[in-house]
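Engineer: So I've got this file, target09.pdb, and it contains PDB, C-alpha atoms:
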```
ATOM      1  CA  MET A   1       0.000   0.000   0.000  1.00  0.00           C
ATOM      2  CA  ALA A   2       2.849   2.377   0.810  1.00  0.00           C
ATOM      3  CA  VAL A   3       4.512   1.682  -2.553  1.00  0.00           C
ATOM      4  CA  GLN A   4       1.260   2.141  -4.502  1.00  0.00           C
ATOM      5  CA  SER A   5       0.409   5.401  -2.732  1.00  0.00           C
ATOM      6  CA  GLN A   6       4.038   6.658  -2.753  1.00  0.00           C
ATOM      7  CA  GLY A   7       3.602   7.262   0.979  1.00  0.00           C
ATOM      8  CA  PHE A   8       7.226   6.552   1.818  1.00  0.00           C
ATOM      9  CA  ILE A   9       7.704   9.334   4.383  1.00  0.00           C
ATOM     10  CA  ASN A  10       4.783   8.168   6.526  1.00  0.00           C
ATOM     11  CA  TYR A  11       5.843   4.521   6.146  1.00  0.00           C
ATOM     12  CA  CYS A  12       9.399   5.286   7.301  1.00  0.00           C
ATOM     13  CA  GLN A  13       8.131   7.408  10.191  1.00  0.00           C
ATOM     14  CA  LYS A  14       5.974   4.513  11.423  1.00  0.00           C
ATOM     15  CA  LYS A  15       9.054   2.280  11.267  1.00  0.00           C
ATOM     16  CA  ILE A  16      11.041   4.852  13.243  1.00  0.00           C
ATOM     17  CA  ASP A  17       8.344   5.066  15.915  1.00  0.00           C
ATOM     18  CA  ALA A  18       8.186   1.278  16.189  1.00  0.00           C
ATOM     19  CA  SER A  19      11.966   0.741  16.280  1.00  0.00           C
ATOM     20  CA  GLN A  20      13.236  -1.249  19.252  1.00  0.00           C
ATOM     21  CA  THR A  21      16.893  -0.241  18.882  1.00  0.00           C
ATOM     22  CA  GLU A  22      18.794   2.979  18.134  1.00  0.00           C
ATOM     23  CA  PHE A  23      20.415   1.285  15.136  1.00  0.00           C
ATOM     24  CA  GLU A  24      17.057   0.377  13.604  1.00  0.00           C
ATOM     25  CA  LYS A  25      15.791   3.899  14.238  1.00  0.00           C
ATOM     26  CA  ASN A  26      18.837   5.351  12.470  1.00  0.00           C
ATOM     27  CA  VAL A  27      18.408   3.101   9.426  1.00  0.00           C
ATOM     28  CA  TRP A  28      14.800   4.183   8.887  1.00  0.00           C
ATOM     29  CA  SER A  29      15.674   7.812   9.609  1.00  0.00           C
ATOM     30  CA  PHE A  30      18.293   7.758   6.862  1.00  0.00           C
ATOM     31  CA  LEU A  31      15.868   6.087   4.469  1.00  0.00           C
ATOM     32  CA  LYS A  32      13.153   8.619   5.282  1.00  0.00           C
ATOM     33  CA  VAL A  33      15.126  11.767   4.449  1.00  0.00           C
ATOM     34  CA  ASN A  34      15.618  10.574   0.864  1.00  0.00           C
ATOM     35  CA  PHE A  35      12.013  11.531   0.186  1.00  0.00           C
ATOM     36  CA  GLU A  36      12.072  14.915   1.965  1.00  0.00           C
ATOM     37  CA  ASP A  37      13.066  18.366   0.689  1.00  0.00           C
ATOM     38  CA  ASP A  38      16.772  19.193   1.069  1.00  0.00           C
ATOM     39  CA  SER A  39      17.475  15.513   1.733  1.00  0.00           C
ATOM     40  CA  ARG A  40      21.253  15.939   1.657  1.00  0.00           C
ATOM     41  CA  GLY A  41      21.124  18.753   4.224  1.00  0.00           C
ATOM     42  CA  LYS A  42      18.997  16.559   6.483  1.00  0.00           C
ATOM     43  CA  TYR A  43      21.415  13.655   5.959  1.00  0.00           C
ATOM     44  CA  LEU A  44      24.184  15.897   7.319  1.00  0.00           C
ATOM     45  CA  GLU A  45      22.066  16.825  10.333  1.00  0.00           C
ATOM     46  CA  LEU A  46      21.464  13.133  11.081  1.00  0.00           C
ATOM     47  CA  LEU A  47      25.228  12.663  10.978  1.00  0.00           C
ATOM     48  CA  GLY A  48      25.658  15.497  13.487  1.00  0.00           C
ATOM     49  CA  TYR A  49      26.851  18.195  11.070  1.00  0.00           C
ATOM     50  CA  ARG A  50      24.984  21.508  10.816  1.00  0.00           C
ATOM     51  CA  LYS A  51      26.391  24.273   8.600  1.00  0.00           C
ATOM     52  CA  GLU A  52      24.852  26.911  10.894  1.00  0.00           C
ATOM     53  CA  ASP A  53      26.702  25.557  13.944  1.00  0.00           C
ATOM     54  CA  LEU A  54      30.007  25.445  12.072  1.00  0.00           C
ATOM     55  CA  GLY A  55      29.490  29.030  10.876  1.00  0.00           C
ATOM     56  CA  LYS A  56      29.008  30.232  14.462  1.00  0.00           C
ATOM     57  CA  LYS A  57      32.216  28.481  15.587  1.00  0.00           C
ATOM     58  CA  HIS A  58      34.105  29.996  12.632  1.00  0.00           C
ATOM     59  CA  ILE A  59      32.908  33.556  13.433  1.00  0.00           C
ATOM     60  CA  LYS A  60      33.953  33.119  17.080  1.00  0.00           C
ATOM     61  CA  GLU A  61      37.461  31.955  16.089  1.00  0.00           C
ATOM     62  CA  GLU A  62      37.790  34.821  13.582  1.00  0.00           C
ATOM     63  CA  LYS A  63      37.035  37.354  16.330  1.00  0.00           C
ATOM     64  CA  GLU A  64      39.662  35.783  18.611  1.00  0.00           C
ATOM     65  CA  GLU A  65      42.296  35.651  15.861  1.00  0.00           C
ATOM     66  CA  SER A  66      41.692  39.251  14.725  1.00  0.00           C
ATOM     67  CA  GLU A  67      43.123  40.481  18.043  1.00  0.00           C
ATOM     68  CA  PHE A  68      46.534  39.054  17.118  1.00  0.00           C
ATOM     69  CA  LEU A  69      46.770  40.148  13.460  1.00  0.00           C
ATOM     70  CA  PRO A  70      49.875  42.289  12.707  1.00  0.00           C
ATOM     71  CA  SER A  71      49.548  45.854  11.423  1.00  0.00           C
ATOM     72  CA  SER A  72      49.815  46.256   7.641  1.00  0.00           C
ATOM     73  CA  GLY A  73      51.150  49.810   7.829  1.00  0.00           C
ATOM     74  CA  GLY A  74      54.753  51.058   7.523  1.00  0.00           C
ATOM     75  CA  THR A  75      57.570  50.332   5.069  1.00  0.00           C
ATOM     76  CA  PHE A  76      58.965  46.924   4.147  1.00  0.00           C
ATOM     77  CA  ASN A  77      62.256  45.650   2.792  1.00  0.00           C
ATOM     78  CA  ILE A  78      62.646  43.775  -0.528  1.00  0.00           C
ATOM     79  CA  SER A  79      65.373  41.154  -0.173  1.00  0.00           C
ATOM     80  CA  VAL A  80      68.241  41.373  -2.684  1.00  0.00           C
ATOM     81  CA  SER A  81      70.555  38.881  -0.977  1.00  0.00           C
ATOM     82  CA  GLY A  82      71.754  35.600  -2.416  1.00  0.00           C
ATOM     83  CA  ASP A  83      69.761  33.463  -0.005  1.00  0.00           C
ATOM     84  CA  ILE A  84      66.404  31.765  -0.666  1.00  0.00           C
ATOM     85  CA  ASP A  85      64.456  34.983  -0.001  1.00  0.00           C
ATOM     86  CA  GLY A  86      66.598  36.853  -2.517  1.00  0.00           C
ATOM     87  CA  LEU A  87      66.089  34.145  -5.170  1.00  0.00           C
ATOM     88  CA  ILE A  88      62.318  34.165  -4.637  1.00  0.00           C
ATOM     89  CA  THR A  89      62.389  37.979  -4.924  1.00  0.00           C
ATOM     90  CA  GLN A  90      64.234  37.772  -8.276  1.00  0.00           C
ATOM     91  CA  ALA A  91      61.706  35.253  -9.577  1.00  0.00           C
ATOM     92  CA  LEU A  92      58.774  37.449  -8.514  1.00  0.00           C
ATOM     93  CA  LEU A  93      60.242  40.656  -9.937  1.00  0.00           C
ATOM     94  CA  THR A  94      60.659  38.942 -13.331  1.00  0.00           C
ATOM     95  CA  GLY A  95      57.190  37.351 -13.250  1.00  0.00           C
ATOM     96  CA  ASN A  96      58.576  33.805 -13.005  1.00  0.00           C
ATOM     97  CA  PHE A  97      55.924  32.316 -10.737  1.00  0.00           C
ATOM     98  CA  GLU A  98      56.937  28.732 -11.458  1.00  0.00           C
ATOM     99  CA  SER A  99      60.498  29.268 -10.199  1.00  0.00           C
ATOM    100  CA  ALA A 100      59.208  31.184  -7.176  1.00  0.00           C
ATOM    101  CA  VAL A 101      56.865  28.297  -6.334  1.00  0.00           C
ATOM    102  CA  ASP A 102      59.617  25.690  -6.758  1.00  0.00           C
ATOM    103  CA  LEU A 103      61.920  27.675  -4.462  1.00  0.00           C
ATOM    104  CA  CYS A 104      59.171  27.917  -1.813  1.00  0.00           C
ATOM    105  CA  LEU A 105      58.514  24.181  -2.024  1.00  0.00           C
ATOM    106  CA  HIS A 106      62.241  23.442  -1.769  1.00  0.00           C
ATOM    107  CA  ASP A 107      62.361  25.584   1.395  1.00  0.00           C
ATOM    108  CA  ASN A 108      59.222  23.854   2.730  1.00  0.00           C
ATOM    109  CA  ARG A 109      57.240  27.117   2.635  1.00  0.00           C
ATOM    110  CA  MET A 110      54.006  25.455   1.583  1.00  0.00           C
ATOM    111  CA  ALA A 111      51.615  28.327   2.262  1.00  0.00           C
ATOM    112  CA  ASP A 112      53.733  30.758   0.218  1.00  0.00           C
ATOM    113  CA  ALA A 113      53.962  28.223  -2.610  1.00  0.00           C
ATOM    114  CA  ILE A 114      50.171  27.774  -2.791  1.00  0.00           C
ATOM    115  CA  ILE A 115      49.489  31.536  -2.681  1.00  0.00           C
ATOM    116  CA  LEU A 116      51.987  32.172  -5.485  1.00  0.00           C
ATOM    117  CA  ALA A 117      50.636  29.265  -7.517  1.00  0.00           C
ATOM    118  CA  ILE A 118      47.151  30.797  -7.364  1.00  0.00           C
ATOM    119  CA  ALA A 119      48.582  33.998  -8.861  1.00  0.00           C
ATOM    120  CA  GLY A 120      50.447  31.952 -11.481  1.00  0.00           C
ATOM    121  CA  GLY A 121      47.354  30.337 -12.989  1.00  0.00           C
ATOM    122  CA  GLN A 122      45.287  27.159 -12.841  1.00  0.00           C
ATOM    123  CA  GLU A 123      47.877  24.851 -14.421  1.00  0.00           C
ATOM    124  CA  LEU A 124      50.623  25.900 -12.000  1.00  0.00           C
ATOM    125  CA  LEU A 125      48.195  25.628  -9.087  1.00  0.00           C
ATOM    126  CA  ALA A 126      47.238  22.050 -10.036  1.00  0.00           C
ATOM    127  CA  ARG A 127      50.917  21.000 -10.248  1.00  0.00           C
ATOM    128  CA  THR A 128      51.708  22.718  -6.953  1.00  0.00           C
ATOM    129  CA  GLN A 129      48.789  21.027  -5.213  1.00  0.00           C
ATOM    130  CA  LYS A 130      50.071  17.601  -6.295  1.00  0.00           C
ATOM    131  CA  LYS A 131      53.566  18.403  -5.017  1.00  0.00           C
ATOM    132  CA  TYR A 132      52.138  19.738  -1.773  1.00  0.00           C
ATOM    133  CA  PHE A 133      50.055  16.615  -1.160  1.00  0.00           C
ATOM    134  CA  ALA A 134      53.064  14.411  -1.936  1.00  0.00           C
ATOM    135  CA  LYS A 135      55.136  16.187   0.736  1.00  0.00           C
ATOM    136  CA  SER A 136      52.482  16.857   3.378  1.00  0.00           C
ATOM    137  CA  GLN A 137      51.955  14.208   6.053  1.00  0.00           C
ATOM    138  CA  SER A 138      49.320  15.753   8.332  1.00  0.00           C
ATOM    139  CA  LYS A 139      46.397  13.764   9.736  1.00  0.00           C
ATOM    140  CA  ILE A 140      43.907  15.309   7.298  1.00  0.00           C
ATOM    141  CA  THR A 141      46.095  15.370   4.172  1.00  0.00           C
ATOM    142  CA  ARG A 142      44.274  12.484   2.484  1.00  0.00           C
ATOM    143  CA  LEU A 143      40.887  14.071   3.152  1.00  0.00           C
ATOM    144  CA  ILE A 144      42.075  17.425   1.796  1.00  0.00           C
ATOM    145  CA  THR A 145      43.565  15.665  -1.242  1.00  0.00           C
ATOM    146  CA  ALA A 146      40.291  13.858  -1.962  1.00  0.00           C
ATOM    147  CA  VAL A 147      38.245  17.058  -1.613  1.00  0.00           C
ATOM    148  CA  VAL A 148      40.564  19.172  -3.788  1.00  0.00           C
ATOM    149  CA  MET A 149      40.954  16.464  -6.435  1.00  0.00           C
ATOM    150  CA  LYS A 150      37.230  15.563  -6.231  1.00  0.00           C
ATOM    151  CA  ASN A 151      38.157  11.934  -5.597  1.00  0.00           C
ATOM    152  CA  TRP A 152      35.086  10.797  -3.631  1.00  0.00           C
ATOM    153  CA  LYS A 153      35.773   7.135  -4.383  1.00  0.00           C
ATOM    154  CA  GLU A 154      39.008   7.420  -2.383  1.00  0.00           C
ATOM    155  CA  ILE A 155      37.051   8.614   0.665  1.00  0.00           C
ATOM    156  CA  VAL A 156      34.492   5.815   0.464  1.00  0.00           C
ATOM    157  CA  GLU A 157      36.948   2.993  -0.261  1.00  0.00           C
ATOM    158  CA  SER A 158      39.916   3.943   1.913  1.00  0.00           C
ATOM    159  CA  CYS A 159      38.723   5.651   5.104  1.00  0.00           C
ATOM    160  CA  ASP A 160      38.559   3.681   8.343  1.00  0.00           C
ATOM    161  CA  LEU A 161      35.157   2.041   8.805  1.00  0.00           C
ATOM    162  CA  LYS A 162      34.733   3.740  12.198  1.00  0.00           C
ATOM    163  CA  ASN A 163      34.708   7.067  10.273  1.00  0.00           C
ATOM    164  CA  TRP A 164      31.703   6.101   8.136  1.00  0.00           C
ATOM    165  CA  ARG A 165      29.766   9.158   9.359  1.00  0.00           C
ATOM    166  CA  GLU A 166      32.554  11.520   8.309  1.00  0.00           C
ATOM    167  CA  ALA A 167      32.958   9.763   4.948  1.00  0.00           C
ATOM    168  CA  LEU A 168      29.233   9.981   4.252  1.00  0.00           C
ATOM    169  CA  ALA A 169      29.184  13.642   5.326  1.00  0.00           C
ATOM    170  CA  ALA A 170      31.998  14.442   2.862  1.00  0.00           C
ATOM    171  CA  VAL A 171      30.237  12.661   0.000  1.00  0.00           C
ATOM    172  CA  LEU A 172      26.924  14.361   0.847  1.00  0.00           C
ATOM    173  CA  THR A 173      28.601  17.765   0.832  1.00  0.00           C
ATOM    174  CA  TYR A 174      30.606  17.476  -2.374  1.00  0.00           C
ATOM    175  CA  ALA A 175      29.464  14.673  -4.695  1.00  0.00           C
ATOM    176  CA  LYS A 176      27.058  15.406  -7.546  1.00  0.00           C
ATOM    177  CA  PRO A 177      23.698  13.570  -7.465  1.00  0.00           C
ATOM    178  CA  ASP A 178      24.740  10.938 -10.024  1.00  0.00           C
ATOM    179  CA  GLU A 179      28.051  10.355  -8.197  1.00  0.00           C
ATOM    180  CA  PHE A 180      26.312  10.164  -4.823  1.00  0.00           C
ATOM    181  CA  SER A 181      23.909   7.445  -5.932  1.00  0.00           C
ATOM    182  CA  ALA A 182      26.758   5.319  -7.252  1.00  0.00           C
ATOM    183  CA  LEU A 183      28.679   5.695  -3.975  1.00  0.00           C
ATOM    184  CA  CYS A 184      25.793   5.393  -1.483  1.00  0.00           C
ATOM    185  CA  GLY A 185      22.920   3.551  -3.224  1.00  0.00           C
ATOM    186  CA  ASN A 186      24.277   0.059  -3.668  1.00  0.00           C
ATOM    187  CA  VAL A 187      21.362  -2.293  -3.019  1.00  0.00           C
ATOM    188  CA  GLU A 188      23.422  -5.459  -3.566  1.00  0.00           C
ATOM    189  CA  LYS A 189      26.011  -4.220  -1.056  1.00  0.00           C
ATOM    190  CA  LEU A 190      23.235  -3.693   1.492  1.00  0.00           C
ATOM    191  CA  VAL A 191      22.030  -7.262   0.965  1.00  0.00           C
ATOM    192  CA  ALA A 192      25.584  -8.625   1.207  1.00  0.00           C
ATOM    193  CA  CYS A 193      26.188  -6.840   4.543  1.00  0.00           C
ATOM    194  CA  TRP A 194      22.791  -7.922   5.839  1.00  0.00           C
ATOM    195  CA  THR A 195      23.371 -11.613   5.049  1.00  0.00           C
ATOM    196  CA  LYS A 196      26.572 -11.564   7.108  1.00  0.00           C
ATOM    197  CA  ALA A 197      24.795 -10.167  10.156  1.00  0.00           C
ATOM    198  CA  GLN A 198      21.332 -11.751  10.054  1.00  0.00           C
ATOM    199  CA  ASP A 199      19.683 -15.155  10.026  1.00  0.00           C
ATOM    200  CA  GLY A 200      18.570 -15.321   6.392  1.00  0.00           C
ATOM    201  CA  SER A 201      16.374 -18.365   6.990  1.00  0.00           C
ATOM    202  CA  HIS A 202      14.057 -16.550   9.401  1.00  0.00           C
ATOM    203  CA  PRO A 203      10.902 -15.291   7.600  1.00  0.00           C
ATOM    204  CA  LEU A 204      10.501 -12.119   9.686  1.00  0.00           C
ATOM    205  CA  SER A 205      14.179 -11.320   9.214  1.00  0.00           C
ATOM    206  CA  LEU A 206      13.788 -11.653   5.439  1.00  0.00           C
ATOM    207  CA  GLN A 207      10.677  -9.466   5.561  1.00  0.00           C
ATOM    208  CA  ASP A 208      12.714  -6.781   7.356  1.00  0.00           C
ATOM    209  CA  LEU A 209      15.389  -6.883   4.654  1.00  0.00           C
ATOM    210  CA  ILE A 210      12.916  -6.683   1.762  1.00  0.00           C
ATOM    211  CA  GLU A 211      11.181  -3.679   3.326  1.00  0.00           C
ATOM    212  CA  LYS A 212      14.482  -1.803   3.568  1.00  0.00           C
ATOM    213  CA  VAL A 213      15.534  -2.824   0.050  1.00  0.00           C
ATOM    214  CA  VAL A 214      12.238  -1.710  -1.525  1.00  0.00           C
ATOM    215  CA  ILE A 215      12.504   1.711   0.146  1.00  0.00           C
ATOM    216  CA  LEU A 216      16.190   2.066  -0.758  1.00  0.00           C
ATOM    217  CA  ARG A 217      15.501   1.174  -4.412  1.00  0.00           C
ATOM    218  CA  LYS A 218      12.755   3.833  -4.524  1.00  0.00           C
ATOM    219  CA  ALA A 219      15.173   6.363  -3.017  1.00  0.00           C
ATOM    220  CA  VAL A 220      17.862   5.566  -5.601  1.00  0.00           C
ATOM    221  CA  GLN A 221      15.285   5.903  -8.393  1.00  0.00           C
ATOM    222  CA  LEU A 222      14.743   9.537  -7.361  1.00  0.00           C
ATOM    223  CA  THR A 223      18.311  10.490  -8.258  1.00  0.00           C
ATOM    224  CA  GLN A 224      19.284   8.181 -11.107  1.00  0.00           C
ATOM    225  CA  ALA A 225      17.793   6.155 -13.916  1.00  0.00           C
ATOM    226  CA  MET A 226      17.264   2.638 -12.618  1.00  0.00           C
ATOM    227  CA  ASP A 227      15.659  -0.403 -14.203  1.00  0.00           C
ATOM    228  CA  THR A 228      13.156  -1.451 -11.524  1.00  0.00           C
ATOM    229  CA  SER A 229      12.848  -4.917 -13.032  1.00  0.00           C
ATOM    230  CA  THR A 230      16.559  -5.605 -12.519  1.00  0.00           C
ATOM    231  CA  VAL A 231      17.328  -7.567  -9.352  1.00  0.00           C
ATOM    232  CA  GLY A 232      20.834  -8.490  -8.215  1.00  0.00           C
ATOM    233  CA  VAL A 233      21.921 -12.076  -7.621  1.00  0.00           C
ATOM    234  CA  LEU A 234      22.042 -11.765  -3.811  1.00  0.00           C
ATOM    235  CA  LEU A 235      18.679 -10.053  -3.575  1.00  0.00           C
ATOM    236  CA  ALA A 236      17.106 -12.621  -5.911  1.00  0.00           C
ATOM    237  CA  ALA A 237      18.396 -15.419  -3.662  1.00  0.00           C
TER     238      ALA A 237
END
```
Please lay out the structure from this file as structure tokens.
Structural biologist:
Amino acid sequence: MAVQSQGFINYCQKKIDASQTEFEKNVWSFLKVNFEDDSRGKYLELLGYRKEDLGKKHIKEEKEESEFLPSSGGTFNISVSGDIDGLITQALLTGNFESAVDLCLHDNRMADAIILAIAGGQELLARTQKKYFAKSQSKITRLITAVVMKNWKEIVESCDLKNWREALAAVLTYAKPDEFSALCGNVEKLVACWTKAQDGSHPLSLQDLIEKVVILRKAVQLTQAMDTSTVGVLLAA
């Protein structure tokens, strides 16, 4: 009846209300938001990420940092020595951004290199980013690399499983609708995970799986062309 009437939001809400565990409640909550307005924004809220909250934190930190910013007034000296500063100066005064960037990278001045690369054009910036990521070893380098290079598959396939919320939040924020469905709408994968964790011979357990699969397939249909008559091997079994 829910499928025929397209009443998926009400159906999911009833499942949420009847859930006996927090896990079950979360599953149906995630399924439900697929059919609501601004579904990706609501996904992020379910994961504990609100853009408004982050904006407030950012404004607070900006106010605190502004108290320590140096004055921009007064004269400054242009280095003409033979050291690294002098060489970078020569490159800048002759418009040779590539040499200036290479010198900054050699001296491990990453921030200066990126700023100069931006001024030097898109091609130089792309090359500099790759060199920066190759040298940088911070805790969030791989996440930054994936975001800058738009490599969402790297996030989904390589992040630690305990960071599934963060991985999903990143994909929700950046991936295009067609990319998102391919990364987060894998019905066969759902069935495969379910069969490892559940007793597949129990009728009520199978009923629970089919309900989730039907709703998930309807959700995926909203964002990508999908042959509804096609059923994967695991689901067919």
Engineer: Please write as a list of chain:residue names the full residue list that the PyMOL selection byres ((chain A and resi 36-50) around 10) yields on this file.
Structural biologist: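 Taken over the shown coordinates, the PyMOL selection byres ((chain A and resi 36-50) around 10) returns A:Phe8, A:Ile9, A:Asn26, A:Ser29, A:Phe30, A:Leu31, A:Lys32, A:Val33, A:Asn34, A:Phe35, A:Lys51, A:Glu52, A:Asp53, A:Leu54, A:Gly55, A:Trp164, A:Arg165, A:Glu166, A:Leu168, A:Ala169, A:Ala170, A:Val171, A:Leu172, A:Thr173, A:Pro177.
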Engineer: Here's the selection I'm unsure about, the PyMOL selection byres ((chain A and resi 234) around 10); applied to the file above, which residues does it give, as a VMD selection string?
Structural biologist: chain A and resid 187 to 192 195 231 to 233 235 to 237
Engineer: In Å, how far is it from atom CA of A:Ile118 to atom CA of A:Leu87?
Structural biologist: 19.4 Å
Engineer: What is the distance, in Å and to one decimal place, between atom CA of A:Tyr11 and atom CA of A:Asn163?
Structural biologist: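 Pair atom CA of A:Tyr11 / atom CA of A:Asn163 returns 29.3 Å.
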Engineer: Near stretch 100-103 of chain A, counting only C-alpha atoms, which residues have an atom at most 6 Å away, once you skip same-chain residues fewer than 6 positions from it, shown as a VMD selection string?
Structural biologist: chain A and resid 88 91 113
Engineer: I need the residue set behind the PyMOL selection byres ((chain A and resi 124-139) around 9) for this file; please write it as a PDB file with C-alpha atoms, in the coordinates of the input.
Structural biologist:
```pdb
ATOM      1  CA  PHE A  97      55.924  32.316 -10.737  1.00  0.00           C
ATOM      2  CA  GLU A  98      56.937  28.732 -11.458  1.00  0.00           C
ATOM      3  CA  VAL A 101      56.865  28.297  -6.334  1.00  0.00           C
ATOM      4  CA  ASP A 102      59.617  25.690  -6.758  1.00  0.00           C
ATOM      5  CA  LEU A 105      58.514  24.181  -2.024  1.00  0.00           C
ATOM      6  CA  ASN A 108      59.222  23.854   2.730  1.00  0.00           C
ATOM      7  CA  MET A 110      54.006  25.455   1.583  1.00  0.00           C
ATOM      8  CA  ALA A 113      53.962  28.223  -2.610  1.00  0.00           C
ATOM      9  CA  ILE A 114      50.171  27.774  -2.791  1.00  0.00           C
ATOM     10  CA  ILE A 115      49.489  31.536  -2.681  1.00  0.00           C
ATOM     11  CA  LEU A 116      51.987  32.172  -5.485  1.00  0.00           C
ATOM     12  CA  ALA A 117      50.636  29.265  -7.517  1.00  0.00           C
ATOM     13  CA  ILE A 118      47.151  30.797  -7.364  1.00  0.00           C
ATOM     14  CA  ALA A 119      48.582  33.998  -8.861  1.00  0.00           C
ATOM     15  CA  GLY A 120      50.447  31.952 -11.481  1.00  0.00           C
ATOM     16  CA  GLY A 121      47.354  30.337 -12.989  1.00  0.00           C
ATOM     17  CA  GLN A 122      45.287  27.159 -12.841  1.00  0.00           C
ATOM     18  CA  GLU A 123      47.877  24.851 -14.421  1.00  0.00           C
ATOM     19  CA  ILE A 140      43.907  15.309   7.298  1.00  0.00           C
ATOM     20  CA  THR A 141      46.095  15.370   4.172  1.00  0.00           C
ATOM     21  CA  ARG A 142      44.274  12.484   2.484  1.00  0.00           C
ATOM     22  CA  LEU A 143      40.887  14.071   3.152  1.00  0.00           C
ATOM     23  CA  ILE A 144      42.075  17.425   1.796  1.00  0.00           C
ATOM     24  CA  THR A 145      43.565  15.665  -1.242  1.00  0.00           C
ATOM     25  CA  VAL A 148      40.564  19.172  -3.788  1.00  0.00           C
TER      26      VAL A 148
END
```
Engineer: Which residues, written as a list in words, have at least one atom at most 10 Å from A:Tyr174, with all atoms listed in the file counted and residues fewer than 5 positions away on the same chain left out?
Structural biologist: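 Everything that qualifies: Val147, Lys150, Asn151, Trp152, Ala169, Glu179 and Phe180 of chain A.
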Engineer: Using only the atoms of stretch 94-98 of chain A listed in the file, plus 8 Å on each side, state the axis-aligned box centre and edge lengths in Å rounded to one decimal, as JSON.
Structural biologist:
```
{"center_x": 58.3, "center_y": 33.8, "center_z": -12.0, "size_x": 20.7, "size_y": 26.2, "size_z": 18.6}
```
Engineer: What does the structure give for the distance between atom CA of A:Leu183 and atom CA of A:Ala18, in Å to one decimal?
Structural biologist: 29.1 Å
Engineer: Need to verify the contact set: stretch 3-7 of chain A, 9 Å, all atoms listed in the file, exclusion of same-chain residues closer than 2 positions in sequence. Can you return it as a list of chain:residue names?
Structural biologist: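 These residues fall inside the cut-off: A:Met1, A:Ile9, A:Asn10, A:Tyr11, A:Cys12, A:Val214, A:Ile215, A:Lys218.
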Engineer: Just want the 10 Å neighbourhood of A:Asp85, counted on only C-alpha atoms, with same-chain residues fewer than 4 positions away dropped. Output as JSON, numbers by chain.
Structural biologist: {"A": [78, 79, 80, 81, 89, 90, 91, 100, 103, 104, 107]}
